Amino acid sequence: MPFYDLRCPKCDKEYNISATMREKMEKLIPCPDCGFFGLETVYKGSPAYIKSSQANDCPNRHVCGTGCCHVD
């Protein structure tokens with residue numbers, strides 16, 4: 001079974017819970033603390049792109065040329 005990052009809107013706590021897709025979609029997973037059955041999916045952000053201090057450090061500069069869109 002997959003793990004899901006879920007948040008309880010009632011007690012405002014987050015959990016990583018193993019459950020079936022059906023259990024998640026039909027909200028059949030109770031909150032481990034308060035028992036509420038309305039857990040919401042928590043969407044985690046993707047890793048941030050760290051901007052280089054030098055404009056010519058674009059790893060794709062051979063493709064981008066002078067109008068590089070990866071570096072400001």
# chains A, B, ... in the order shown; residues from 1 in each chain; ligands from 1

$ residues_around --residues "segment 29-39 of chain A" --least-positions-apart "3" --cutoff "10 Å" --atoms "only C-alpha atoms" --output "NGL selection string"
:A and (5-15 or 17-20 or 22-26 or 42)

$ residues_around --residues "Met21 of chain A" --least-positions-apart "4" --cutoff "10 Å" --atoms "only C-alpha atoms" --output "MDAnalysis selection string"
chainID A and resid 1:4 25:27

$ write_last_selection --atoms "C-alpha atoms" --output "compact mmCIF listing (two decimals), in the first residue's frame"
# COMPACT_ATOMS: atom_id res chain seq x y z
CA MET A 1 0.00 0.00 0.00
CA PRO A 2 1.24 3.52 -0.73
CA PHE A 3 1.90 6.15 1.91
CA TYR A 4 0.04 9.46 1.84
CA MET A 25 -10.51 8.77 -1.93
CA GLU A 26 -13.57 7.75 0.10
CA LYS A 27 -12.17 9.36 3.27
